[in-house]
Amino acid sequence: MDRYRGNPQAIADLVKGYAVHRDTYVDQEVFDLEMEQLFPNCWVYIGHESQIKNSGDFITSKIGHQPVLASRHRDGQVYVMHNRCPHKGVKIASEPCGNTGKFFRCPYHAWSFKTDGSLLAIPLNKGYEGTGFDADRAAQGLPRIENVKIYRGLIFVRLAEKGLSFEEYFGESLTTIDNMADRSPEGELEVLSAPIRYMHSCNWKMLVDNQTDTCHPMVAHESSAGTAVNVWERAKKANPDLETPMAVQLYAPFMAPYEFYEGAGIRVWPNGHGHSGVTGSIHQDYEDVDGYLGRMEDAYGKKRAHEILGDVRHNTNYFPNIMVKGPVGILRNFIPLAVDKTLVESWVFRWKGAPDKLYERGLMYNRFINAPTSIVGHDDLEMYERAQEGLLSDGNEWINLHRLWEEDEAEDTTEVVNGTSERQMRNQFYAWRKFMIQNMENTVEAAE
Amino acid sequence: MNRDDLIDFVYDEAAMLDDMRWEDWTKLFAEDGRYWMPLEWQQEDPILQPSLMYEDLLLLTVRVERLTGERTFSQKPKSRSHHLMERPRILSMGEEDGIYRMRTSFLYTETRGDLLERYSGWIGHQLVEVDGALKIKQKRIDLINFDAPFSNIQLFI
């Protein structure tokens, strides 16, 4: 029997603020509804414009379970379409990226489509004459997705016809994307290579929660970052002339004490967005890269350049499933595959016009923290997988989010709080509840 | 060094890893040695192209110490590894630059608890002589499916 489908109240009851019910992480029906309701109702990231620079370039992605395709048409515009042939449903593009030339051609029956999705030709066309085909949806080609927004090169899509506009949905949270892009002297990001991919046997929200969980690094990462600090201190003792290598600069701040994170703050925004590291972060003390500051000052003027580089936000979650780390130019995409399976793709942007050393640092950070071979990743995944198993216990059906909770906590508000608060996790769940049930009443009526 | 010395080195190194003698293993590296796992086909640049690993002795030492740490929870229970390797092909005896080069096809198994994962590909060795002994200048692991999403790989291929 369906417990949650068509039952908005049952879904709303899963979120109490200071606690959420474990079904949000382990229940198959809740996961199905996330795919059917939550993801289509939200603005979801599918890729970056620099991946499809030339006419005929395309990328593929997924929103919930639904395969989508974005391509650069010869009019210079990016079009986003459902990645399924209108004939039998075959995926038109099967690779993550590529160039299709002037048109897409379905490999099954050779139906072809322009790179804006419209139908170009069908072999033996006379078989459709007088059949009413022209009035069929199939005649329109690849189903176009209308709600597409490209912001600083980042491509976002909302599948649902009705919903919040891009600007309403993200609001002030876009300042993190702005800051990341502004770190390029040309104001532009580019993707030069594939992401690091990492498979997780856990629910996608565990990864999202962890991004602003500032009470775990000094505990869970004692084994990795703590060991790195110890090994480095020993090396330094043996040879005091050694300069702190980039690797140690990246690892060591993970061992910062609670007080550091408390003071650094967390900011929440409406619709589930928020970030850690408001007044400082683990990214604040990296060594200057030769020539970079000069290029930034030339591009923006001294005052503005320092403003940009002085904003060292830690992790910004864009609800539902990406995290942006501006100071190292990293975007992580937490792609849900099943209720207990998540594919994490971590991308590094290159800042156009900036020295190579910065890109080197982003790539190093990415393989240190976000790779299947990353010792920090090993620490985290172990926790997620243990939680996914532990949550099956009936001893307690609730996940506790009480840290610095207050009675009548405001939802959909902008606020800066103590940096060890679980406020942003609660903020995500307020948005989760909202977008899970947003169009549900309509759907139920339509079905009746 | 003769051909047998080089081939023995490759097998002995793998045996050291499978015996979990990691500290001894790090001593096989030259001071400026590197362990590299590329993320692209026939990758040339470990710095400005993404890699799964590109680590010097300091970082390898961190990994080795972490594996035996009291609070290394991802090693409770511990992982074990097994290398199955073809006979190494000797690509260079170092006539020109003093670097011996070998390439070895492998099947690698890593297991932890009830889970077991297999990986295959090629190991590229670059060895140099330091004080009469062979040392690793670079060990490169090219997986056949470098672009696939793996779960944890915690030990060393």
# chains A, B, ... in the order shown; residues from 1 in each chain; ligands from 1
$ closest_atom_pairs --of "chain A" --to "chain B" --cutoff "6 Å" --atoms "only C-alpha atoms" --output "Markdown table"
| residue | atom | partner | partner_atom | distance |
| --- | --- | --- | --- | --- |
| A:Arg197 | CA | B:Pro149 | CA | 4.6 |
| A:Tyr198 | CA | B:Pro149 | CA | 4.7 |
| A:Met199 | CA | B:Ser151 | CA | 4.8 |
| A:Ser223 | CA | B:Thr72 | CA | 5.0 |
| A:Thr227 | CA | B:Val62 | CA | 5.9 |
| A:Ala228 | CA | B:Val62 | CA | 5.4 |
| A:Glu360 | CA | B:Leu48 | CA | 5.6 |
| A:Leu363 | CA | B:Pro50 | CA | 5.8 |
| A:Arg367 | CA | B:Leu52 | CA | 5.7 |
| A:Pro372 | CA | B:Asn152 | CA | 4.7 |
| A:Thr373 | CA | B:Ile153 | CA | 5.2 |
| A:Asp379 | CA | B:Ser74 | CA | 5.9 |
| A:Glu382 | CA | B:Ser74 | CA | 5.4 |
$ write_last_selection --atoms "all heavy atoms" --output "short mmCIF file (atom, residue, chain, number, x, y, z; two decimals), in the first residue's frame"
data_model
loop_
_atom_site.label_atom_id
_atom_site.label_comp_id
_atom_site.auth_asym_id
_atom_site.auth_seq_id
_atom_site.Cartn_x
_atom_site.Cartn_y
_atom_site.Cartn_z
N ARG A 197 34.81 10.57 -10.69
CA ARG A 197 33.54 9.90 -10.38
C ARG A 197 33.76 8.92 -9.22
O ARG A 197 34.79 8.27 -9.15
CB ARG A 197 33.02 9.19 -11.62
CG ARG A 197 32.95 10.14 -12.81
CD ARG A 197 32.57 9.42 -14.09
NE ARG A 197 31.14 9.18 -14.17
CZ ARG A 197 30.59 8.12 -14.74
NH1 ARG A 197 31.35 7.18 -15.27
NH2 ARG A 197 29.28 7.97 -14.78
N TYR A 198 32.77 8.83 -8.35
CA TYR A 198 32.95 8.09 -7.09
C TYR A 198 31.59 7.52 -6.71
O TYR A 198 30.63 8.28 -6.56
CB TYR A 198 33.47 9.09 -6.05
CG TYR A 198 34.00 8.56 -4.73
CD1 TYR A 198 34.52 9.46 -3.80
CD2 TYR A 198 34.00 7.21 -4.39
CE1 TYR A 198 35.03 9.04 -2.58
CE2 TYR A 198 34.51 6.78 -3.17
CZ TYR A 198 35.02 7.69 -2.26
OH TYR A 198 35.51 7.28 -1.05
N MET A 199 31.51 6.20 -6.60
CA MET A 199 30.23 5.56 -6.30
C MET A 199 30.05 5.40 -4.80
O MET A 199 30.95 4.94 -4.10
CB MET A 199 30.18 4.19 -6.99
CG MET A 199 28.81 3.58 -7.02
SD MET A 199 27.62 4.59 -7.93
CE MET A 199 27.95 4.05 -9.61
N SER A 223 42.00 10.50 10.92
CA SER A 223 42.83 9.45 10.33
C SER A 223 43.60 9.95 9.10
O SER A 223 44.73 9.55 8.87
CB SER A 223 41.97 8.25 9.95
OG SER A 223 41.51 8.32 8.62
N THR A 227 46.77 12.48 10.27
CA THR A 227 48.02 11.79 9.94
C THR A 227 48.89 12.66 9.04
O THR A 227 50.11 12.71 9.21
CB THR A 227 47.71 10.43 9.26
OG1 THR A 227 46.83 9.68 10.11
CG2 THR A 227 48.98 9.64 9.01
N ALA A 228 48.26 13.35 8.11
CA ALA A 228 49.04 14.23 7.22
C ALA A 228 49.78 15.29 8.03
O ALA A 228 50.95 15.58 7.78
CB ALA A 228 48.12 14.88 6.19
N GLU A 360 46.03 23.77 -11.04
CA GLU A 360 46.76 22.65 -10.42
C GLU A 360 46.24 22.39 -9.00
O GLU A 360 46.03 21.25 -8.59
CB GLU A 360 48.27 22.98 -10.39
CG GLU A 360 49.12 21.94 -9.69
CD GLU A 360 50.59 22.36 -9.57
OE1 GLU A 360 51.04 23.26 -10.33
OE2 GLU A 360 51.28 21.79 -8.71
N LEU A 363 42.73 20.78 -9.08
CA LEU A 363 42.82 19.36 -9.44
C LEU A 363 43.37 18.54 -8.28
O LEU A 363 42.91 17.43 -8.01
CB LEU A 363 43.72 19.18 -10.67
CG LEU A 363 43.17 19.73 -12.00
CD1 LEU A 363 44.26 19.71 -13.07
CD2 LEU A 363 41.96 18.93 -12.47
N ARG A 367 41.43 15.45 -6.18
CA ARG A 367 41.83 14.05 -6.02
C ARG A 367 42.14 13.72 -4.56
O ARG A 367 42.02 12.57 -4.16
CB ARG A 367 42.99 13.69 -6.95
CG ARG A 367 44.30 14.34 -6.68
CD ARG A 367 45.40 13.78 -7.61
NE ARG A 367 46.67 14.40 -7.32
CZ ARG A 367 47.16 15.46 -7.96
NH1 ARG A 367 46.48 16.00 -8.95
NH2 ARG A 367 48.32 15.98 -7.61
N PRO A 372 37.73 8.18 -5.50
CA PRO A 372 37.64 6.86 -4.87
C PRO A 372 38.96 6.42 -4.25
O PRO A 372 39.00 5.50 -3.44
CB PRO A 372 37.24 5.92 -6.01
CG PRO A 372 37.53 6.67 -7.26
CD PRO A 372 37.44 8.12 -6.94
N THR A 373 40.03 7.12 -4.62
CA THR A 373 41.36 6.86 -4.06
C THR A 373 41.74 7.90 -3.01
O THR A 373 42.90 7.99 -2.62
CB THR A 373 42.40 6.91 -5.20
OG1 THR A 373 42.04 8.00 -6.05
CG2 THR A 373 42.40 5.63 -6.01
N ASP A 379 37.25 8.13 4.58
CA ASP A 379 36.70 8.43 5.92
C ASP A 379 35.20 8.70 5.82
O ASP A 379 34.41 8.17 6.60
CB ASP A 379 37.34 9.70 6.50
CG ASP A 379 38.83 9.54 6.80
OD1 ASP A 379 39.29 8.41 6.98
OD2 ASP A 379 39.52 10.59 6.85
N GLU A 382 32.81 5.71 4.61
CA GLU A 382 32.62 4.74 5.68
C GLU A 382 31.47 5.17 6.60
O GLU A 382 30.63 4.36 7.01
CB GLU A 382 33.92 4.59 6.48
CG GLU A 382 33.84 3.64 7.66
CD GLU A 382 33.69 2.17 7.26
OE1 GLU A 382 33.88 1.85 6.07
OE2 GLU A 382 33.38 1.36 8.15
#
$ residues_around --residues "region 405-413 of chain A" --least-positions-apart "6" --cutoff "9 Å" --atoms "only C-alpha atoms" --output "MDAnalysis selection string"
chainID A and resid 17:18 268:272 421:423 426:427 430:431
$ write_last_selection --atoms "N, CA, C and O atoms" --output "compact mmCIF listing (two decimals), in the first residue's frame"
# COMPACT_ATOMS: atom_id res chain seq x y z
N GLY A 17 11.93 19.44 11.74
CA GLY A 17 12.90 20.50 12.05
C GLY A 17 14.07 19.92 12.80
O GLY A 17 15.08 19.54 12.20
N TYR A 18 13.93 19.78 14.10
CA TYR A 18 15.03 19.24 14.92
C TYR A 18 15.25 17.75 14.69
O TYR A 18 16.20 17.17 15.23
N VAL A 268 22.13 30.63 5.85
CA VAL A 268 21.07 29.92 5.13
C VAL A 268 20.30 30.91 4.28
O VAL A 268 20.19 32.10 4.60
N TRP A 269 19.80 30.40 3.16
CA TRP A 269 18.94 31.17 2.26
C TRP A 269 17.63 30.42 2.05
O TRP A 269 17.56 29.21 2.30
N PRO A 270 16.61 31.10 1.53
CA PRO A 270 15.36 30.41 1.21
C PRO A 270 15.56 29.28 0.19
O PRO A 270 16.55 29.26 -0.54
N ASN A 271 14.63 28.36 0.17
CA ASN A 271 14.59 27.25 -0.79
C ASN A 271 15.73 26.25 -0.63
O ASN A 271 16.11 25.56 -1.58
N GLY A 272 16.28 26.18 0.60
CA GLY A 272 17.20 25.09 0.90
C GLY A 272 18.65 25.34 0.58
O GLY A 272 19.49 24.46 0.75
N SER A 421 26.18 24.98 13.76
CA SER A 421 24.75 24.68 13.78
C SER A 421 24.38 23.67 12.70
O SER A 421 25.00 23.62 11.64
N GLU A 422 23.35 22.88 12.99
CA GLU A 422 22.81 21.99 11.95
C GLU A 422 21.67 22.69 11.20
O GLU A 422 20.83 22.05 10.56
N ARG A 423 21.72 24.00 11.24
CA ARG A 423 20.68 24.85 10.65
C ARG A 423 20.52 24.60 9.15
O ARG A 423 19.41 24.55 8.65
N ARG A 426 18.68 21.44 8.41
CA ARG A 426 17.23 21.63 8.63
C ARG A 426 16.64 22.45 7.49
O ARG A 426 15.56 22.16 6.98
N ASN A 427 17.40 23.47 7.06
CA ASN A 427 16.96 24.33 5.96
C ASN A 427 16.70 23.50 4.70
O ASN A 427 15.72 23.71 3.99
N TYR A 430 13.42 21.66 5.13
CA TYR A 430 12.23 22.49 4.93
C TYR A 430 11.95 22.62 3.43
O TYR A 430 10.81 22.54 2.99
N ALA A 431 13.02 22.82 2.66
CA ALA A 431 12.85 22.93 1.21
C ALA A 431 12.43 21.57 0.62
O ALA A 431 11.60 21.52 -0.29
$ atom_distance --atom1 "CA of Asn400 (chain A)" --atom2 "CA of Gln211 (chain A)"
16.7 Å
$ closest_residue --among "A:Asn315, A:Tyr300, A:Asn230, A:Leu331" --to "His48 (chain A)" --atoms "only C-alpha atoms"
A:Leu331
$ closest_residue --among "A:Thr214, A:Asn418, A:Ser184, A:Ser94" --to "Gly326 (chain A)" --atoms "only C-alpha atoms"
A:Ser184
$ atom_distance --atom1 "CA of Val80 (chain A)" --atom2 "CA of Val68 (chain A)"
6.9 Å
$ select_by_dssp --residues "chain B" --states "helix (DSSP H, G or I)" --output "PyMOL selection string"
chain B and resi 3-18+22-26+57-67+73-75
$ write_last_selection --atoms "N, CA, C and O atoms" --output "tab-separated table (two decimals), in the first residue's frame"
chain	number	residue	atom	x	y	z
B	3	ARG	N	68.10	-8.31	-17.07
B	3	ARG	CA	66.65	-8.40	-17.27
B	3	ARG	C	65.95	-9.11	-16.11
B	3	ARG	O	64.87	-8.70	-15.68
B	4	ASP	N	66.57	-10.15	-15.60
B	4	ASP	CA	65.96	-10.87	-14.47
B	4	ASP	C	65.84	-10.00	-13.23
B	4	ASP	O	64.87	-10.09	-12.48
B	5	ASP	N	66.85	-9.16	-12.99
B	5	ASP	CA	66.79	-8.26	-11.83
B	5	ASP	C	65.55	-7.36	-11.92
B	5	ASP	O	64.87	-7.12	-10.93
B	6	LEU	N	65.32	-6.86	-13.12
B	6	LEU	CA	64.18	-5.95	-13.30
B	6	LEU	C	62.86	-6.68	-13.10
B	6	LEU	O	61.95	-6.19	-12.42
B	7	ILE	N	62.76	-7.86	-13.68
B	7	ILE	CA	61.51	-8.62	-13.58
B	7	ILE	C	61.27	-9.05	-12.13
B	7	ILE	O	60.15	-8.93	-11.61
B	8	ASP	N	62.33	-9.49	-11.47
B	8	ASP	CA	62.19	-9.86	-10.06
B	8	ASP	C	61.71	-8.67	-9.22
B	8	ASP	O	60.90	-8.83	-8.31
B	9	PHE	N	62.25	-7.51	-9.53
B	9	PHE	CA	61.86	-6.32	-8.76
B	9	PHE	C	60.35	-6.10	-8.83
B	9	PHE	O	59.69	-5.84	-7.83
B	10	VAL	N	59.80	-6.21	-10.03
B	10	VAL	CA	58.37	-5.95	-10.21
B	10	VAL	C	57.54	-6.95	-9.41
B	10	VAL	O	56.59	-6.56	-8.72
B	11	TYR	N	57.91	-8.22	-9.48
B	11	TYR	CA	57.15	-9.22	-8.72
B	11	TYR	C	57.35	-9.06	-7.21
B	11	TYR	O	56.41	-9.20	-6.42
B	12	ASP	N	58.58	-8.76	-6.80
B	12	ASP	CA	58.83	-8.62	-5.36
B	12	ASP	C	58.09	-7.41	-4.78
B	12	ASP	O	57.62	-7.43	-3.65
B	13	GLU	N	58.02	-6.37	-5.59
B	13	GLU	CA	57.30	-5.18	-5.12
B	13	GLU	C	55.84	-5.51	-4.88
B	13	GLU	O	55.26	-5.13	-3.84
B	14	ALA	N	55.21	-6.22	-5.82
B	14	ALA	CA	53.80	-6.59	-5.67
B	14	ALA	C	53.61	-7.51	-4.46
B	14	ALA	O	52.65	-7.37	-3.70
B	15	ALA	N	54.56	-8.40	-4.26
B	15	ALA	CA	54.46	-9.33	-3.12
B	15	ALA	C	54.50	-8.56	-1.81
B	15	ALA	O	53.79	-8.86	-0.85
B	16	MET	N	55.32	-7.53	-1.78
B	16	MET	CA	55.43	-6.69	-0.59
B	16	MET	C	54.09	-6.03	-0.27
B	16	MET	O	53.66	-5.97	0.89
B	17	LEU	N	53.41	-5.57	-1.30
B	17	LEU	CA	52.09	-4.94	-1.10
B	17	LEU	C	51.08	-5.97	-0.61
B	17	LEU	O	50.32	-5.71	0.32
B	18	ASP	N	51.09	-7.15	-1.23
B	18	ASP	CA	50.10	-8.17	-0.84
B	18	ASP	C	50.40	-8.74	0.55
B	18	ASP	O	49.50	-9.24	1.23
B	22	TRP	N	53.90	-2.37	4.01
B	22	TRP	CA	53.86	-1.07	3.33
B	22	TRP	C	55.04	-0.17	3.64
B	22	TRP	O	55.48	0.58	2.79
B	23	GLU	N	55.52	-0.24	4.86
B	23	GLU	CA	56.67	0.63	5.19
B	23	GLU	C	57.88	0.24	4.35
B	23	GLU	O	58.59	1.10	3.84
B	24	ASP	N	58.10	-1.08	4.24
B	24	ASP	CA	59.19	-1.54	3.38
B	24	ASP	C	58.95	-1.09	1.94
B	24	ASP	O	59.87	-0.72	1.23
B	25	TRP	N	57.69	-1.12	1.56
B	25	TRP	CA	57.35	-0.76	0.19
B	25	TRP	C	57.71	0.70	-0.11
B	25	TRP	O	58.27	1.01	-1.16
B	26	THR	N	57.43	1.61	0.84
B	26	THR	CA	57.75	3.02	0.59
B	26	THR	C	59.26	3.20	0.42
B	26	THR	O	59.70	4.12	-0.27
B	57	LEU	N	56.63	10.76	-1.82
B	57	LEU	CA	56.91	9.92	-0.65
B	57	LEU	C	56.19	10.42	0.61
B	57	LEU	O	55.73	9.62	1.42
B	58	LEU	N	56.09	11.74	0.75
B	58	LEU	CA	55.40	12.29	1.91
B	58	LEU	C	53.95	11.80	1.95
B	58	LEU	O	53.45	11.32	2.97
B	59	LEU	N	53.28	11.92	0.80
B	59	LEU	CA	51.86	11.54	0.74
B	59	LEU	C	51.68	10.03	0.86
B	59	LEU	O	50.72	9.55	1.47
B	60	LEU	N	52.61	9.27	0.28
B	60	LEU	CA	52.52	7.80	0.40
B	60	LEU	C	52.72	7.39	1.85
B	60	LEU	O	52.06	6.47	2.35
B	61	THR	N	53.60	8.09	2.55
B	61	THR	CA	53.83	7.81	3.97
B	61	THR	C	52.57	8.09	4.78
B	61	THR	O	52.21	7.34	5.69
B	62	VAL	N	51.87	9.18	4.43
B	62	VAL	CA	50.60	9.49	5.11
B	62	VAL	C	49.63	8.33	4.93
B	62	VAL	O	49.01	7.86	5.89
B	63	ARG	N	49.53	7.83	3.70
B	63	ARG	CA	48.60	6.71	3.44
B	63	ARG	C	48.97	5.48	4.26
B	63	ARG	O	48.11	4.83	4.83
B	64	VAL	N	50.26	5.17	4.27
B	64	VAL	CA	50.71	3.96	4.94
B	64	VAL	C	50.46	4.07	6.45
B	64	VAL	O	49.98	3.13	7.08
B	65	GLU	N	50.76	5.23	7.03
B	65	GLU	CA	50.52	5.39	8.47
B	65	GLU	C	49.04	5.38	8.79
B	65	GLU	O	48.61	4.86	9.82
B	66	ARG	N	48.26	5.95	7.89
B	66	ARG	CA	46.80	5.99	8.10
B	66	ARG	C	46.23	4.57	8.17
B	66	ARG	O	45.32	4.30	8.95
B	67	LEU	N	46.74	3.69	7.30
B	67	LEU	CA	46.18	2.34	7.21
B	67	LEU	C	46.21	1.60	8.54
B	67	LEU	O	45.37	0.74	8.80
B	73	PHE	N	38.66	4.38	10.63
B	73	PHE	CA	37.46	3.54	10.70
B	73	PHE	C	37.17	2.82	9.39
B	73	PHE	O	36.53	1.79	9.39
B	74	SER	N	37.66	3.37	8.29
B	74	SER	CA	37.42	2.68	7.01
B	74	SER	C	38.34	1.47	6.86
B	74	SER	O	38.28	0.77	5.86
B	75	GLN	N	39.17	1.21	7.87
B	75	GLN	CA	39.99	-0.01	7.88
B	75	GLN	C	39.58	-0.94	9.02
B	75	GLN	O	40.39	-1.72	9.52
$ residues_around --residues "region 110-117 of chain B" --least-positions-apart "2" --cutoff "8 Å" --atoms "only C-alpha atoms" --output "VMD selection string"
chain B and resid 77 to 82 108 119 153 155
$ atom_distance --atom1 "CA of Ile330 (chain A)" --atom2 "CA of Phe349 (chain A)"
6.2 Å
$ residues_around --residues "Phe170 (chain A)" --least-positions-apart "6" --cutoff "12 Å" --atoms "only C-alpha atoms" --output "list in words"
Cys42, Trp43, Val44, Lys149, Tyr151, Phe156, Leu164, Thr176, Ile177, Val268, Trp269, Pro270, Asn271, Gly272, His273, Gly274, Thr316, Asn317, Tyr318, Phe319, Pro320, Asp412, Thr414 and Ala431 of chain A
$ write_last_selection --atoms "C-alpha atoms" --output "PDB file, in the first residue's frame"
ATOM      1  CA  CYS A  42      13.648  22.160  -8.571  1.00  0.00           C
ATOM      2  CA  TRP A  43      16.222  23.897 -10.741  1.00  0.00           C
ATOM      3  CA  VAL A  44      18.768  21.165 -11.342  1.00  0.00           C
ATOM      4  CA  LYS A 149      18.673  29.131 -17.446  1.00  0.00           C
ATOM      5  CA  TYR A 151      23.965  31.556 -15.220  1.00  0.00           C
ATOM      6  CA  PHE A 156      20.155  24.771 -14.824  1.00  0.00           C
ATOM      7  CA  LEU A 164       9.443  29.103  -9.008  1.00  0.00           C
ATOM      8  CA  THR A 176      28.588  32.102  -4.473  1.00  0.00           C
ATOM      9  CA  ILE A 177      28.516  31.252  -8.177  1.00  0.00           C
ATOM     10  CA  VAL A 268      21.073  29.922   5.132  1.00  0.00           C
ATOM     11  CA  TRP A 269      18.940  31.171   2.257  1.00  0.00           C
ATOM     12  CA  PRO A 270      15.355  30.407   1.214  1.00  0.00           C
ATOM     13  CA  ASN A 271      14.592  27.247  -0.791  1.00  0.00           C
ATOM     14  CA  GLY A 272      17.200  25.092   0.904  1.00  0.00           C
ATOM     15  CA  HIS A 273      20.376  26.839  -0.215  1.00  0.00           C
ATOM     16  CA  GLY A 274      23.105  27.740   2.252  1.00  0.00           C
ATOM     17  CA  THR A 316      27.689  26.225  -0.751  1.00  0.00           C
ATOM     18  CA  ASN A 317      24.818  23.818  -1.227  1.00  0.00           C
ATOM     19  CA  TYR A 318      22.448  24.594  -4.055  1.00  0.00           C
ATOM     20  CA  PHE A 319      19.331  22.624  -3.319  1.00  0.00           C
ATOM     21  CA  PRO A 320      18.777  19.882  -4.163  1.00  0.00           C
ATOM     22  CA  ASP A 412      12.668  30.207   3.898  1.00  0.00           C
ATOM     23  CA  THR A 414      18.148  34.473   5.153  1.00  0.00           C
ATOM     24  CA  ALA A 431      12.849  22.926   1.209  1.00  0.00           C
TER      25      ALA A 431
END
$ residues_around --residues "region 248-265 of chain A" --least-positions-apart "5" --cutoff "9 Å" --atoms "only C-alpha atoms" --output "PyMOL selection string"
chain A and resi 214-215+217-219+221-222+224-226+228-229+232+275-283+285-287+361+364-365+368-369+376+416-421
$ select_by_dssp --residues "chain B" --states "strand (DSSP E)" --output "PyMOL selection string"
chain B and resi 29-38+51-55+79-85+89-93+100-112+115-130+133-143
$ residues_around --residues "region 22-25 of chain A" --least-positions-apart "4" --cutoff "12 Å" --atoms "only C-alpha atoms" --output "PyMOL selection string"
chain A and resi 3-4+10-16+29-34+201-209+336+338-342+384-385+387-400+429+432-433+436
$ closest_residue --among "B:Gln43, B:Leu91, B:Lys137, B:His83" --to "Lys27 (chain B)" --atoms "only C-alpha atoms"
B:Lys137
$ closest_residue --among "A:Gly101, A:Pro86, A:Gly56, A:Gly171" --to "Ile122 (chain A)" --atoms "only C-alpha atoms"
A:Pro86
$ closest_residue --among "A:Glu129, A:Glu146, A:Asp356, A:Glu49" --to "Ser165 (chain A)" --atoms "only C-alpha atoms"
A:Glu146
$ closest_residue --among "B:Ser120, B:Arg140, B:Met85, B:Met20" --to "Arg34 (chain B)" --atoms "only C-alpha atoms"
B:Arg140
